[in-house]
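**Q** If you scroll down you'll find the structure; I have some questions about it.
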Amino acid sequence: MDVSRSTQTLSRRGMLGAGSGAVAAVALGRGRARADEVDPPECTEPDPDADLTDEVGTNLPPSRIGVQTYSVNDQISSRGLGPVLTALAEIGYRGVEFAGLGGATAAEARTMLDDLGIHPVGQHAVMDSASLRTAVDLGLPHTGISLITNIHGVHTDAWTQTAEEFNTFGAQCAAEGVRFYVHMHPEPYTPVLDSPGNLALDVLLAHTDPELVFFEMDLYWACFTAMSAQGLLFDPADFVLPAPERFPIFHVKDGRALANERVAGQQVTPMNVTHAPYPMDGICDVGQGDVPFKDFFGKLAEVSDLSTHELVWERDTASNHPRGSLASARASYLMMRHDHMAAPSLY
């Protein structure tokens with residue numbers, strides 16, 4: 001994919017301004033929480049006894065709504081993994097992506113999941129045998145890395161070397177019945193200097209084996225990197241739609257691109273998308289930011305069954321929530337479950 005051909009705006013909300021690095025004011029979408037609210041408006045508590053099938057029309061499939069434990073690590077540190085998984089299951093989450101096990105063994109963590117009736121999604125770990133062994137012992141379908149660290153340069157050959165290293169570890173994982181995936185921050189969306197019009201992710205997709213290497217798109221990082229003056233204008237969906245099976249997991253993370261203001265009792269600052277490192281102060285609960293989820297998932301639903309993807313909530317700053325990270329988890333779950341996030345026409 002030559003992303004230089006993709007210069008349309010990211011969504012009906014007009015996230016991409018005409019000038020690179022300029023962040024336009026974004027219209028508030030229907031269903032978005034007001035700045036002084038902790039919980040999303042017009043959302044009802046899900047019935048824990050309801051038969052939550054995936055026949056939900058324009059809503060995300062509830063069986064695929066999961067959580068990244070990094071978001072609630074403060075709670076895990078103080079309360080332990082088991083009580084926090086129980087609380088997340090009671091909120092409604094049905095999948096778990098781990099970022100460590102909070103002192104539990106793999107066998108203990110798996111028992112917790114089975115007892116709660118929630119499924120493992122994967123883990124953020126590293127590319128080594130110990131991480132793979134944990135994945136096997138825990139019965140994970142996927143094991144991944146949270147950040148690309150094996151970056152050898154900014155030219156095609158350098159990113160091809162990274163791709164080959166991914167292939168090697170992906171083959172080791174496949175031999176154990178586990179799929180390897182790469183979680184993406186801004187790095188894969190940087191330009192390839194000797195290939196005008198292409199980003200690093202173009203090289204990675206072209207040179208990794210589709211049977212061995214998969215990708216986890218974090219929609220916050222993808223959308224806001226798309227506005228960066230460092231890169232080319234692109235629509236994150238353009239990477240996914242040609243081969244959605246290569247993207248089995250998405251991080252459903254929201255953030256704001258507006259002026260300094262308070263959101264749900266928390267001070268957030270503008271995302272300075274023209275300079276790295278990208279500040280994370282603008283990350284907020286799902287539905288309180290400007291990531292165009294409905295546009296993205298509406299497009300994805302046209303070419304792929306959403307129930308074949310894991311839709312994992314993450315908020316790096318969830319502990320900043322006035323009532324704690326579990327309140328943040330609940331607020332985001334309600335928006336993911338009830339806000340028609342697969343309906344691009346509902347804005």
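Following the order of the structure tokens, chains are lettered A, B, ..., residues in each are numbered from 1, and ligands are numbered from 1.
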Can you tell me which residues surround Phe247 of chain A at a distance of at most 10 Å, considering only C-alpha atoms, apart from same-chain residues fewer than 2 positions away, and format the answer as a list in words?

**A**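 What passes the distance filter is Tyr181, Val182, Val213, Phe214, Phe215, Glu216, Met217, Phe239, Val240, Leu241, Ala243, Pro244, Glu245, Ile249, Phe250, Thr308, His309 and Glu310 of chain A.
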
**Q** For Gly177 of chain A, list every protein, DNA or RNA residue within 12 Å, evaluated using only C-alpha atoms, and leave out those in the same chain fewer than 6 positions away; present the list as an NGL selection string.

**A** :A and (132-133 or 135-137 or 139-143 or 170-171 or 211-212)

**Q** Can you tell me which residues surround Val96 of chain A at a distance of at most 9 Å, considering only C-alpha atoms, apart from same-chain residues fewer than 3 positions away, and format the answer as a ChimeraX atom specification?

**A** /A:65-69,85,93,113,118-123,312

**Q** Find the residues around segment 324-333 of chain A up to 7 Å (only C-alpha atoms counted), leave out those fewer than 4 positions away in its own chain, and share them as JSON, numbers by chain.

**A** {"A": [39, 40, 71, 72, 91, 285, 286, 318, 319, 320, 337]}

**Q** Report, in Å with one decimal, the straight-line distance from atom CA of Gly82 of chain A to atom CA of Tyr70 of chain A.

**A**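 For atom CA of Gly82 of chain A relative to atom CA of Tyr70 of chain A, the distance reads 14.6 Å.
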
**Q** What is the distance, in Å and to one decimal place, between atom CA of Val192 of chain A and atom CA of Ser146 of chain A?

**A**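 Calculated distance between atom CA of Val192 of chain A and atom CA of Ser146 of chain A is 21.6 Å.
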
**Q** Counting only C-alpha atoms, which residue out of A:Lys299, A:Glu164, A:Arg256, A:Pro196 sits closest to Ile151 of chain A?

**A**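 Counting only C-alpha atoms, the residue closest to Ile151 of chain A is A:Glu164.
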
**Q** Where does DSSP see strand (DSSP E) in segment 79-242 of chain A, if you list the residues as JSON, numbers by chain?

**A** {"A": [95, 96, 97, 98, 119, 120, 121, 122, 123, 124, 125, 142, 143, 144, 145, 179, 180, 181, 182, 183, 184, 213, 214, 215, 216, 217, 218]}

**Q** For Ala301 of chain A, which residue out of A:Leu81, A:Ala342, A:Ala222, A:Ile283 is the nearest one, using only C-alpha atoms?

**A**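 That would be A:Ala342, the residue with the smallest distance to Ala301 of chain A.
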
**Q** Determine which residues of segment 135-251 of chain A receive a DSSP assignment of helix (DSSP H, G or I), computed from the backbone, and state them as a ChimeraX atom specification.

**A** /A:135-138,156-175,187-189,200-207,219-225,237-240,244-246

**Q** Keeping only N, CA and C atoms, write the selected residues to a file as a CSV table (one decimal), in the first residue's frame.

**A**
chain,number,residue,atom,x,y,z
A,135,ALA,N,3.2,-18.0,27.7
A,135,ALA,CA,2.0,-18.1,26.9
A,135,ALA,C,1.5,-19.5,26.8
A,136,VAL,N,2.4,-20.4,26.6
A,136,VAL,CA,2.0,-21.8,26.5
A,136,VAL,C,1.3,-22.3,27.8
A,137,ASP,N,2.0,-22.0,28.9
A,137,ASP,CA,1.5,-22.5,30.2
A,137,ASP,C,0.1,-21.8,30.5
A,138,LEU,N,-0.1,-20.6,30.1
A,138,LEU,CA,-1.3,-19.9,30.4
A,138,LEU,C,-2.4,-20.2,29.3
A,156,THR,N,14.6,1.1,4.1
A,156,THR,CA,13.9,-0.2,3.7
A,156,THR,C,14.6,-1.4,4.3
A,157,ASP,N,15.9,-1.4,4.1
A,157,ASP,CA,16.7,-2.6,4.5
A,157,ASP,C,16.6,-2.8,6.0
A,158,ALA,N,16.6,-1.7,6.8
A,158,ALA,CA,16.6,-1.7,8.2
A,158,ALA,C,15.3,-2.3,8.7
A,159,TRP,N,14.2,-1.8,8.1
A,159,TRP,CA,12.8,-2.3,8.5
A,159,TRP,C,12.6,-3.7,8.0
A,160,THR,N,13.3,-4.1,6.9
A,160,THR,CA,13.2,-5.5,6.4
A,160,THR,C,13.9,-6.4,7.4
A,161,GLN,N,15.0,-6.0,8.0
A,161,GLN,CA,15.7,-6.7,9.0
A,161,GLN,C,14.8,-7.0,10.2
A,162,THR,N,14.1,-5.9,10.7
A,162,THR,CA,13.1,-6.1,11.8
A,162,THR,C,12.1,-7.1,11.4
A,163,ALA,N,11.6,-7.0,10.2
A,163,ALA,CA,10.5,-8.0,9.8
A,163,ALA,C,11.1,-9.4,9.8
A,164,GLU,N,12.3,-9.6,9.4
A,164,GLU,CA,12.8,-10.9,9.4
A,164,GLU,C,13.0,-11.5,10.8
A,165,GLU,N,13.3,-10.6,11.7
A,165,GLU,CA,13.4,-11.0,13.1
A,165,GLU,C,12.0,-11.4,13.7
A,166,PHE,N,11.0,-10.6,13.3
A,166,PHE,CA,9.7,-11.0,13.6
A,166,PHE,C,9.3,-12.4,13.1
A,167,ASN,N,9.7,-12.6,11.8
A,167,ASN,CA,9.4,-13.9,11.2
A,167,ASN,C,10.0,-15.1,12.0
A,168,THR,N,11.3,-14.8,12.4
A,168,THR,CA,12.0,-15.9,13.2
A,168,THR,C,11.3,-16.2,14.5
A,169,PHE,N,10.9,-15.2,15.3
A,169,PHE,CA,10.2,-15.5,16.5
A,169,PHE,C,8.8,-16.0,16.3
A,170,GLY,N,8.2,-15.4,15.2
A,170,GLY,CA,6.8,-15.9,14.9
A,170,GLY,C,6.8,-17.4,14.6
A,171,ALA,N,7.9,-17.9,13.9
A,171,ALA,CA,8.0,-19.3,13.6
A,171,ALA,C,8.1,-20.1,14.9
A,172,GLN,N,8.9,-19.6,15.9
A,172,GLN,CA,9.1,-20.3,17.2
A,172,GLN,C,7.7,-20.4,17.9
A,173,CYS,N,7.0,-19.3,17.8
A,173,CYS,CA,5.7,-19.3,18.5
A,173,CYS,C,4.7,-20.3,17.8
A,174,ALA,N,4.7,-20.2,16.5
A,174,ALA,CA,3.8,-21.1,15.7
A,174,ALA,C,4.1,-22.6,16.1
A,175,ALA,N,5.3,-22.9,16.3
A,175,ALA,CA,5.7,-24.3,16.6
A,175,ALA,C,5.1,-24.8,17.9
A,187,GLU,N,6.1,4.4,16.1
A,187,GLU,CA,7.2,4.0,15.2
A,187,GLU,C,6.9,3.4,13.9
A,188,PRO,N,5.9,2.5,13.8
A,188,PRO,CA,5.6,1.9,12.5
A,188,PRO,C,5.0,2.9,11.5
A,189,TYR,N,4.6,4.0,11.9
A,189,TYR,CA,4.0,5.0,11.0
A,189,TYR,C,4.9,6.1,10.6
A,200,ALA,N,6.9,2.8,7.6
A,200,ALA,CA,7.6,1.5,8.1
A,200,ALA,C,6.6,0.4,8.1
A,201,LEU,N,5.3,0.6,8.4
A,201,LEU,CA,4.4,-0.5,8.5
A,201,LEU,C,4.1,-1.1,7.1
A,202,ASP,N,4.3,-0.3,6.0
A,202,ASP,CA,4.2,-0.9,4.7
A,202,ASP,C,5.3,-2.0,4.5
A,203,VAL,N,6.5,-1.7,5.0
A,203,VAL,CA,7.6,-2.6,4.8
A,203,VAL,C,7.4,-3.8,5.7
A,204,LEU,N,6.9,-3.6,6.9
A,204,LEU,CA,6.7,-4.7,7.9
A,204,LEU,C,5.6,-5.7,7.3
A,205,LEU,N,4.5,-5.1,6.8
A,205,LEU,CA,3.4,-5.9,6.3
A,205,LEU,C,3.9,-6.7,5.0
A,206,ALA,N,4.8,-6.1,4.2
A,206,ALA,CA,5.2,-6.7,3.0
A,206,ALA,C,6.2,-7.8,3.2
A,207,HIS,N,7.0,-7.7,4.3
A,207,HIS,CA,8.1,-8.6,4.5
A,207,HIS,C,8.0,-9.6,5.7
A,219,LEU,N,-5.6,2.2,18.3
A,219,LEU,CA,-6.3,3.2,17.5
A,219,LEU,C,-6.0,4.6,18.0
A,220,TYR,N,-5.6,4.8,19.2
A,220,TYR,CA,-5.2,6.1,19.7
A,220,TYR,C,-3.9,6.5,19.0
A,221,TRP,N,-2.9,5.6,19.1
A,221,TRP,CA,-1.6,5.9,18.5
A,221,TRP,C,-1.7,6.0,17.0
A,222,ALA,N,-2.5,5.2,16.4
A,222,ALA,CA,-2.6,5.2,14.9
A,222,ALA,C,-3.2,6.5,14.5
A,223,CYS,N,-4.3,6.9,15.1
A,223,CYS,CA,-5.1,8.1,14.7
A,223,CYS,C,-4.3,9.4,14.9
A,224,PHE,N,-3.7,9.5,16.1
A,224,PHE,CA,-3.0,10.7,16.4
A,224,PHE,C,-1.6,10.8,15.7
A,225,THR,N,-1.0,9.7,15.4
A,225,THR,CA,0.2,9.7,14.6
A,225,THR,C,-0.1,10.2,13.2
A,237,ALA,N,-7.3,2.8,8.7
A,237,ALA,CA,-8.1,1.7,8.1
A,237,ALA,C,-7.5,1.2,6.8
A,238,ASP,N,-6.7,2.0,6.1
A,238,ASP,CA,-6.1,1.6,4.9
A,238,ASP,C,-5.1,0.5,5.0
A,239,PHE,N,-4.5,0.4,6.2
A,239,PHE,CA,-3.6,-0.7,6.5
A,239,PHE,C,-4.4,-2.0,6.8
A,240,VAL,N,-5.5,-1.9,7.4
A,240,VAL,CA,-6.3,-3.0,7.9
A,240,VAL,C,-7.2,-3.7,6.9
A,244,PRO,N,-7.7,-7.9,6.9
A,244,PRO,CA,-8.0,-7.7,8.3
A,244,PRO,C,-7.6,-8.9,9.2
A,245,GLU,N,-7.4,-10.1,8.6
A,245,GLU,CA,-7.0,-11.2,9.4
A,245,GLU,C,-5.6,-11.0,10.0
A,246,ARG,N,-4.8,-10.1,9.5
A,246,ARG,CA,-3.5,-9.8,10.0
A,246,ARG,C,-3.6,-8.9,11.3

**Q** Pick from A:Val154, A:Ala226, A:Ala106, A:Ile145: nearest to Arg179 of chain A, with only C-alpha atoms counted?

**A**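 The closest residue to Arg179 of chain A is A:Ile145.
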
**Q** Using only C-alpha atoms, can you tell me which of A:Ala130, A:Val303, A:Met335, A:Leu116 comes closest to Ala89 of chain A?

**A**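 Of A:Ala130, A:Val303, A:Met335, A:Leu116, the one nearest Ala89 of chain A, counting only C-alpha atoms, is A:Leu116.
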